[in-house]
Structures are given as C-alpha cells and as structure tokens.
Amino acid sequence: KKMINSNEGGMGVQSAVIRPERSRLFAAVAGLLVLTGLMAFFPSACVGLALLTPLLGCPLAGSGRQWAAWLAAAAPAALSLLYRFDPLYSLSLLLPGTLPMALTLWLKARKKLAAPLSIGLYIGAYAASLTLVTLAAAHALGAGIAEGLAQLLAAQVEASDQPGLFLYRFAAAGLLAVPDGYSGALPLFLLDPGVVRQMLLSLRLNVALMLENLLPWLFVQACLLGGLFTALRVQRMRCAVLVVGPDPEHPGERKARVVSPPGFRLMVIPSRLRWVLFLMALASLLLIGAQARLAQTLGLLFYATFSCAFQLAGAAVLVCMLSAHTPGRAALYGALSAVLYALFPVALFFIGVADQALHFRSRLLKTTDSHKEG
C-alpha cells in the first residue's frame, strides 16, 4: 500500500491506495497468455482478440507484470505478419492493445484514472484504433470491408473441394435462396457448374448487404463496450482507497473503510451527452435514407451509438435495482443483464430512456439509505 495522508476539516483523515490482489493480477496475466495462444491458433480472429487485450492488460499498466500486457498487445501484429497477412493491416493490429495501454500510463501519471472523463478517453482510444484497422483492412481487401469480405468468402467457397455442398449449407442457413427447381436436390449443386456460379454470385451479394448493415453496429459495440469496461476494470483494480477517519457512530474512535470508484451499476449518461445522443438519433433518420453509401453508413453509426448507449444505461439500472438489497449477487445480476443485452436489448433500451426522466436509482438509493438509518 502507498499511504497518502490528508486532512479534511481538521479531522485527521488518512487514506491509502490499495494495490490489486495478486490473484487478480495473476488471473489477468493468465488471461492474456490464453488470448495470445488463441491468436496463434486462429490468426484470422486476431482483430477480435486484439480488442479484448485492453480489458486484461490495462489494469497491469505500471506494475511489474505489464510485460504480459505489452506481449499480448504486440502478438496480433507479429502473428499476422508471420502468417503473411497484408503488412499494413498486420501493423495496424498493434493499435487496439497499445493505444489503451499508453492511455492508461498517461492517466496514471496524471492521477486521472478515476476521473469520469477517462471513460470517454478509453472509448475514443478504441474508436481511433478500430478506425485505422478498418482502413488498413479495406486497403488490404482492395474494396470496402463488406464487399471485400463477401468476395473473399465467395472465393474460398469456390476454391473448396465441394463448393456445391457449402452453398447448400449457406442456403439452409438462409444466406441465399435456392434456384427454382433445385430445392432439396443436393447432388445437382455438385454437377451443374452454372448453378454453382449463380449461387456464388448470390452469396456474395447477400453477404455484402448483410455486412453493410452489421459492421457499423459491431464497430459501435466494440468501441462502447470495450472502452467502458476497460475503464471500469482499471478503476476497480487501481483506484480503490482505504480511508481511516473518525467514526460518526462512536465519537473518539476511528474507523477504516474501503472507498471504490462508482461501478457499472451507477453509470449514468451526462446531461450534455444525452442531448448529443438524441441529436444523433434525429440525424440518423435523415442519413439512413440518403442515396450516398457514406451517408447511410454514418446514419447507421449514429443510430447504433444512440441505441447502444441507452441499452447500457438500462443494463446499469437493472443491475443496480436487483442488487440493491442483495449486493452479494451483483455478479449474477450482471450476467443476467448481459444475456438481456444480447437477446432482448429493446427492453434495456426502454429502461435506459425511462431512467432519464424517472431516475430509478436515485429513488432506490434514497429508500435504501433511509432503511439503513432506521
């Protein structure tokens, strides 16, 4: 522990920064090593795994175990180069891990890790790194991300030993329609090259359209979820403080208590940001209907940001309300909110929007405090 003495109103309050438990640090290092191993076995998934490294690596910044964080941050680029991916794309994979790590060290040096602004900075770091990775990927594919990935998928299916069998499975999954007269006739896919070519073209077009709508949503989800929970993990592991001061219930005695930064359950959308989100929602209605593809993508990004922000706010409200009387089950309620976020996000969205006017947590916390005083 590092002692930091301070006086508040002459009461002689002392505080001590609490270092993370060794078990938590060891778990973070083990998780980073597992991520690195997964990157080695699944190099195509390096971009997704690289986005997970700040969650485990940033809390290690400035400690003796930060070597594991830097190793995991550099692993996606090194492995992508080893597997002969595009050099520019491979080097861009350094950013998702190293940029949040550098931000953590910068905030730590200025003692701003617990500042509310740090959440926005982490989200910005995710957005900047993922934007550059996207541009590098588009350069490597020689086309837009959606079109390039669709072309790559179609080329791999065509080069396989049994393209008809793969196309039949894609048709069963609903990614493309089976031509008239061929429903249920699997052997004909293997024998008719004309049908295979037609199905490959249909697969490419359908996948490209699906990805054009899906990728902006995935981009926003990665930035908001990654930035928010990276900031919260860093604050939880690095910003807990042991405060020793006078006990109001027993005059003349001193009492020690642990003070932690507000967790996810107390997360709120600032009033200024709230209005920005509503303006983004209005702008998305105009941009999504535009003819230009860039305007449509921007509209999808705006709408995804608006909806995801209020879904997260609704999840925070749900966790707070459920764990108010049983705080020991907060992790269980967090898992429940994560399931709802994935399967029924519209419910959390409406909770988050309603909370802006009804302030569920303020009323609940006041009621809880009055019960404790009674």
# chains A, B, ... in the order shown; residues from 1 in each chain; ligands from 1

call {"tool": "residues_around", "arguments": {"residues": "Ala137 of chain A", "least_positions_apart": "5", "cutoff": "10 Å", "atoms": "only C-alpha atoms", "output": "NGL selection string"}}
result
:A and (86 or 88-90 or 92 or 131-132 or 142-145 or 148-149)

call {"tool": "residues_around", "arguments": {"residues": "Leu93 of chain A", "least_positions_apart": "4", "cutoff": "9 Å", "atoms": "only C-alpha atoms", "output": "mmCIF file with all heavy atoms, in the first residue's frame"}}
result
data_model
loop_
_atom_site.group_PDB
_atom_site.id
_atom_site.type_symbol
_atom_site.label_atom_id
_atom_site.label_comp_id
_atom_site.auth_asym_id
_atom_site.auth_seq_id
_atom_site.Cartn_x
_atom_site.Cartn_y
_atom_site.Cartn_z
ATOM 1 N N CYS A 46 -7.504 -12.536 -35.071
ATOM 2 C CA CYS A 46 -6.622 -11.657 -34.296
ATOM 3 C C CYS A 46 -7.249 -10.296 -34.022
ATOM 4 O O CYS A 46 -7.056 -9.723 -32.945
ATOM 5 C CB CYS A 46 -5.294 -11.466 -35.034
ATOM 6 S SG CYS A 46 -4.092 -12.787 -34.732
ATOM 7 N N VAL A 47 -8.002 -9.767 -34.977
ATOM 8 C CA VAL A 47 -8.578 -8.439 -34.784
ATOM 9 C C VAL A 47 -9.586 -8.449 -33.635
ATOM 10 O O VAL A 47 -9.631 -7.526 -32.819
ATOM 11 C CB VAL A 47 -9.219 -7.936 -36.095
ATOM 12 C CG1 VAL A 47 -10.350 -8.849 -36.559
ATOM 13 C CG2 VAL A 47 -9.748 -6.523 -35.915
ATOM 14 N N ALA A 50 -7.623 -9.014 -30.377
ATOM 15 C CA ALA A 50 -6.850 -7.828 -30.011
ATOM 16 C C ALA A 50 -7.700 -6.813 -29.262
ATOM 17 O O ALA A 50 -7.206 -6.091 -28.392
ATOM 18 C CB ALA A 50 -6.256 -7.186 -31.260
ATOM 19 N N ALA A 73 -0.399 -7.243 -26.562
ATOM 20 C CA ALA A 73 -0.719 -6.150 -27.479
ATOM 21 C C ALA A 73 0.047 -6.267 -28.794
ATOM 22 O O ALA A 73 -0.465 -5.897 -29.861
ATOM 23 C CB ALA A 73 -0.422 -4.808 -26.814
ATOM 24 N N ALA A 74 1.283 -6.772 -28.718
ATOM 25 C CA ALA A 74 2.099 -6.913 -29.933
ATOM 26 C C ALA A 74 1.840 -8.225 -30.667
ATOM 27 O O ALA A 74 2.185 -8.342 -31.849
ATOM 28 C CB ALA A 74 3.578 -6.823 -29.569
ATOM 29 N N ALA A 75 1.230 -9.203 -29.997
ATOM 30 C CA ALA A 75 1.046 -10.527 -30.602
ATOM 31 C C ALA A 75 0.207 -10.510 -31.876
ATOM 32 O O ALA A 75 0.568 -11.189 -32.849
ATOM 33 C CB ALA A 75 0.431 -11.478 -29.570
ATOM 34 N N PRO A 76 -0.927 -9.765 -31.955
ATOM 35 C CA PRO A 76 -1.717 -9.812 -33.198
ATOM 36 C C PRO A 76 -0.919 -9.380 -34.423
ATOM 37 O O PRO A 76 -1.017 -10.012 -35.487
ATOM 38 C CB PRO A 76 -2.876 -8.847 -32.913
ATOM 39 C CG PRO A 76 -2.965 -8.779 -31.437
ATOM 40 C CD PRO A 76 -1.578 -8.936 -30.934
ATOM 41 N N ALA A 77 -0.137 -8.305 -34.297
ATOM 42 C CA ALA A 77 0.650 -7.834 -35.439
ATOM 43 C C ALA A 77 1.731 -8.836 -35.805
ATOM 44 O O ALA A 77 1.934 -9.160 -36.992
ATOM 45 C CB ALA A 77 1.274 -6.475 -35.113
ATOM 46 N N ALA A 78 2.445 -9.351 -34.803
ATOM 47 C CA ALA A 78 3.535 -10.299 -35.081
ATOM 48 C C ALA A 78 3.010 -11.572 -35.732
ATOM 49 O O ALA A 78 3.586 -12.073 -36.710
ATOM 50 C CB ALA A 78 4.272 -10.619 -33.783
ATOM 51 N N SER A 80 0.154 -11.973 -37.387
ATOM 52 C CA SER A 80 -0.394 -11.692 -38.718
ATOM 53 C C SER A 80 0.715 -11.578 -39.746
ATOM 54 O O SER A 80 0.588 -12.057 -40.884
ATOM 55 C CB SER A 80 -1.224 -10.413 -38.685
ATOM 56 O OG SER A 80 -2.350 -10.566 -37.838
ATOM 57 N N LEU A 88 0.440 -3.766 -43.942
ATOM 58 C CA LEU A 88 -0.190 -2.584 -43.337
ATOM 59 C C LEU A 88 -1.295 -2.986 -42.381
ATOM 60 O O LEU A 88 -1.408 -2.433 -41.275
ATOM 61 C CB LEU A 88 -0.739 -1.668 -44.435
ATOM 62 C CG LEU A 88 -1.394 -0.367 -43.954
ATOM 63 C CD1 LEU A 88 -0.392 0.487 -43.194
ATOM 64 C CD2 LEU A 88 -1.990 0.400 -45.130
ATOM 65 N N TYR A 89 -2.106 -3.955 -42.787
ATOM 66 C CA TYR A 89 -3.157 -4.449 -41.897
ATOM 67 C C TYR A 89 -2.561 -5.080 -40.645
ATOM 68 O O TYR A 89 -3.040 -4.864 -39.521
ATOM 69 C CB TYR A 89 -4.025 -5.454 -42.641
ATOM 70 C CG TYR A 89 -4.948 -6.246 -41.749
ATOM 71 C CD1 TYR A 89 -6.083 -5.663 -41.198
ATOM 72 C CD2 TYR A 89 -4.670 -7.579 -41.452
ATOM 73 C CE1 TYR A 89 -6.920 -6.393 -40.371
ATOM 74 C CE2 TYR A 89 -5.509 -8.315 -40.631
ATOM 75 C CZ TYR A 89 -6.630 -7.716 -40.097
ATOM 76 O OH TYR A 89 -7.456 -8.443 -39.273
ATOM 77 N N GLY A 97 -4.329 -2.792 -28.800
ATOM 78 C CA GLY A 97 -3.756 -3.096 -27.492
ATOM 79 C C GLY A 97 -2.852 -2.010 -26.954
ATOM 80 O O GLY A 97 -2.888 -1.685 -25.754
ATOM 81 N N SER A 129 -8.355 3.414 -32.781
ATOM 82 C CA SER A 129 -7.604 2.230 -33.209
ATOM 83 C C SER A 129 -8.409 1.379 -34.175
ATOM 84 O O SER A 129 -7.893 0.904 -35.195
ATOM 85 C CB SER A 129 -7.180 1.408 -31.993
ATOM 86 O OG SER A 129 -8.321 0.961 -31.268
ATOM 87 N N LEU A 130 -9.705 1.198 -33.894
ATOM 88 C CA LEU A 130 -10.517 0.352 -34.758
ATOM 89 C C LEU A 130 -10.769 1.022 -36.110
ATOM 90 O O LEU A 130 -10.886 0.334 -37.137
ATOM 91 C CB LEU A 130 -11.840 0.025 -34.071
ATOM 92 C CG LEU A 130 -12.676 -1.117 -34.668
ATOM 93 C CD1 LEU A 130 -11.837 -2.374 -34.825
ATOM 94 C CD2 LEU A 130 -13.890 -1.401 -33.808
ATOM 95 N N LEU A 132 -8.575 2.930 -37.719
ATOM 96 C CA LEU A 132 -7.356 2.713 -38.503
ATOM 97 C C LEU A 132 -7.229 1.255 -38.947
ATOM 98 O O LEU A 132 -6.760 0.980 -40.057
ATOM 99 C CB LEU A 132 -6.141 3.137 -37.688
ATOM 100 C CG LEU A 132 -6.061 4.647 -37.389
ATOM 101 C CD1 LEU A 132 -4.906 4.956 -36.453
ATOM 102 C CD2 LEU A 132 -5.916 5.432 -38.689
ATOM 103 N N VAL A 133 -7.643 0.322 -38.096
ATOM 104 C CA VAL A 133 -7.638 -1.089 -38.501
ATOM 105 C C VAL A 133 -8.601 -1.307 -39.667
ATOM 106 O O VAL A 133 -8.292 -2.041 -40.625
ATOM 107 C CB VAL A 133 -8.015 -1.990 -37.307
ATOM 108 C CG1 VAL A 133 -8.249 -3.429 -37.765
ATOM 109 C CG2 VAL A 133 -6.915 -1.964 -36.253
#

call {"tool": "select_by_dssp", "arguments": {"residues": "segment 226-316 of chain A", "states": "strand (DSSP E)", "output": "PyMOL selection string"}}
result
chain A and resi 241-246+254-259

call {"tool": "atom_distance", "arguments": {"atom1": "atom CA of Ser63 of chain A", "atom2": "atom CA of Met267 of chain A"}}
result
27.4 Å

call {"tool": "residues_around", "arguments": {"residues": "Leu167 of chain A", "least_positions_apart": "3", "cutoff": "9 Å", "atoms": "only C-alpha atoms", "output": "PyMOL selection string"}}
result
chain A and resi 157+162-164+170-172+176+189+196+199-200+203

call {"tool": "residues_around", "arguments": {"residues": "Val234 of chain A", "least_positions_apart": "4", "cutoff": "7 Å", "atoms": "only C-alpha atoms", "output": "list in words"}}
result
Cys58, Pro59, Thr230 and Arg238 of chain A

call {"tool": "closest_residue", "arguments": {"among": "A:Ala309, A:Ala61, A:Ala222, A:Leu214", "to": "Lys108 of chain A", "atoms": "only C-alpha atoms"}}
result
A:Ala61

call {"tool": "atom_distance", "arguments": {"atom1": "atom CA of Ser202 of chain A", "atom2": "atom CA of Ala159 of chain A"}}
result
16.4 Å

call {"tool": "residues_around", "arguments": {"residues": "Gly314 of chain A", "least_positions_apart": "2", "cutoff": "6 Å", "atoms": "only C-alpha atoms", "output": "list in words"}}
result
Gln311, Leu312, Ala316, Val317, Leu348, Phe349, Ile351 and Gly352 of chain A

call {"tool": "residues_around", "arguments": {"residues": "Leu301 of chain A", "least_positions_apart": "5", "cutoff": "9 Å", "atoms": "only C-alpha atoms", "output": "list in words"}}
result
Pro216, Trp217, Phe219, Val220, Ser284, Gln296 and Phe306 of chain A

call {"tool": "write_last_selection", "arguments": {"atoms": "all heavy atoms", "output": "tab-separated table (two decimals), in the first residue's frame"}}
result
chain	number	residue	atom	x	y	z
A	216	PRO	N	-21.35	-1.53	-39.04
A	216	PRO	CA	-21.42	-0.32	-38.19
A	216	PRO	C	-21.89	-0.62	-36.78
A	216	PRO	O	-21.38	-0.03	-35.81
A	216	PRO	CB	-22.43	0.57	-38.95
A	216	PRO	CG	-22.35	0.11	-40.36
A	216	PRO	CD	-22.10	-1.37	-40.29
A	217	TRP	N	-22.84	-1.54	-36.64
A	217	TRP	CA	-23.31	-1.92	-35.30
A	217	TRP	C	-22.21	-2.59	-34.51
A	217	TRP	O	-22.01	-2.29	-33.32
A	217	TRP	CB	-24.52	-2.85	-35.45
A	217	TRP	CG	-25.12	-3.27	-34.15
A	217	TRP	CD1	-26.02	-2.60	-33.38
A	217	TRP	CD2	-24.85	-4.50	-33.45
A	217	TRP	NE1	-26.33	-3.32	-32.25
A	217	TRP	CE2	-25.63	-4.49	-32.27
A	217	TRP	CE3	-24.04	-5.60	-33.73
A	217	TRP	CZ2	-25.61	-5.54	-31.38
A	217	TRP	CZ3	-24.02	-6.65	-32.82
A	217	TRP	CH2	-24.80	-6.61	-31.67
A	219	PHE	N	-18.99	-2.18	-34.94
A	219	PHE	CA	-17.99	-1.15	-34.65
A	219	PHE	C	-18.37	-0.38	-33.38
A	219	PHE	O	-17.55	-0.19	-32.48
A	219	PHE	CB	-17.89	-0.20	-35.85
A	219	PHE	CG	-16.88	0.90	-35.68
A	219	PHE	CD1	-15.58	0.73	-36.14
A	219	PHE	CD2	-17.21	2.09	-35.06
A	219	PHE	CE1	-14.63	1.75	-35.98
A	219	PHE	CE2	-16.28	3.11	-34.91
A	219	PHE	CZ	-14.99	2.93	-35.36
A	220	VAL	N	-19.61	0.07	-33.31
A	220	VAL	CA	-20.06	0.84	-32.14
A	220	VAL	C	-20.05	-0.02	-30.88
A	220	VAL	O	-19.63	0.42	-29.81
A	220	VAL	CB	-21.46	1.42	-32.41
A	220	VAL	CG1	-22.04	2.04	-31.13
A	220	VAL	CG2	-21.39	2.47	-33.50
A	284	SER	N	-29.68	10.40	-37.76
A	284	SER	CA	-29.65	9.08	-38.39
A	284	SER	C	-30.89	8.83	-39.24
A	284	SER	O	-30.82	8.14	-40.27
A	284	SER	CB	-29.53	7.99	-37.32
A	284	SER	OG	-30.72	7.90	-36.54
A	296	GLN	N	-25.31	6.78	-45.56
A	296	GLN	CA	-26.05	5.68	-44.93
A	296	GLN	C	-25.24	5.04	-43.81
A	296	GLN	O	-25.77	4.74	-42.73
A	296	GLN	CB	-26.42	4.64	-45.99
A	296	GLN	CG	-27.42	5.12	-47.02
A	296	GLN	CD	-27.69	4.06	-48.07
A	296	GLN	OE1	-27.20	2.93	-47.99
A	296	GLN	NE2	-28.47	4.42	-49.08
A	306	PHE	N	-26.60	5.77	-30.45
A	306	PHE	CA	-27.76	6.19	-29.65
A	306	PHE	C	-28.39	5.00	-28.93
A	306	PHE	O	-28.61	5.04	-27.71
A	306	PHE	CB	-28.77	6.87	-30.58
A	306	PHE	CG	-30.14	7.04	-29.98
A	306	PHE	CD1	-30.37	8.00	-29.01
A	306	PHE	CD2	-31.19	6.24	-30.40
A	306	PHE	CE1	-31.64	8.16	-28.47
A	306	PHE	CE2	-32.45	6.40	-29.86
A	306	PHE	CZ	-32.68	7.35	-28.89

call {"tool": "closest_residue", "arguments": {"among": "A:Leu121, A:Met101, A:Pro96, A:Cys320", "to": "Tyr333 of chain A", "atoms": "only C-alpha atoms"}}
result
A:Cys320
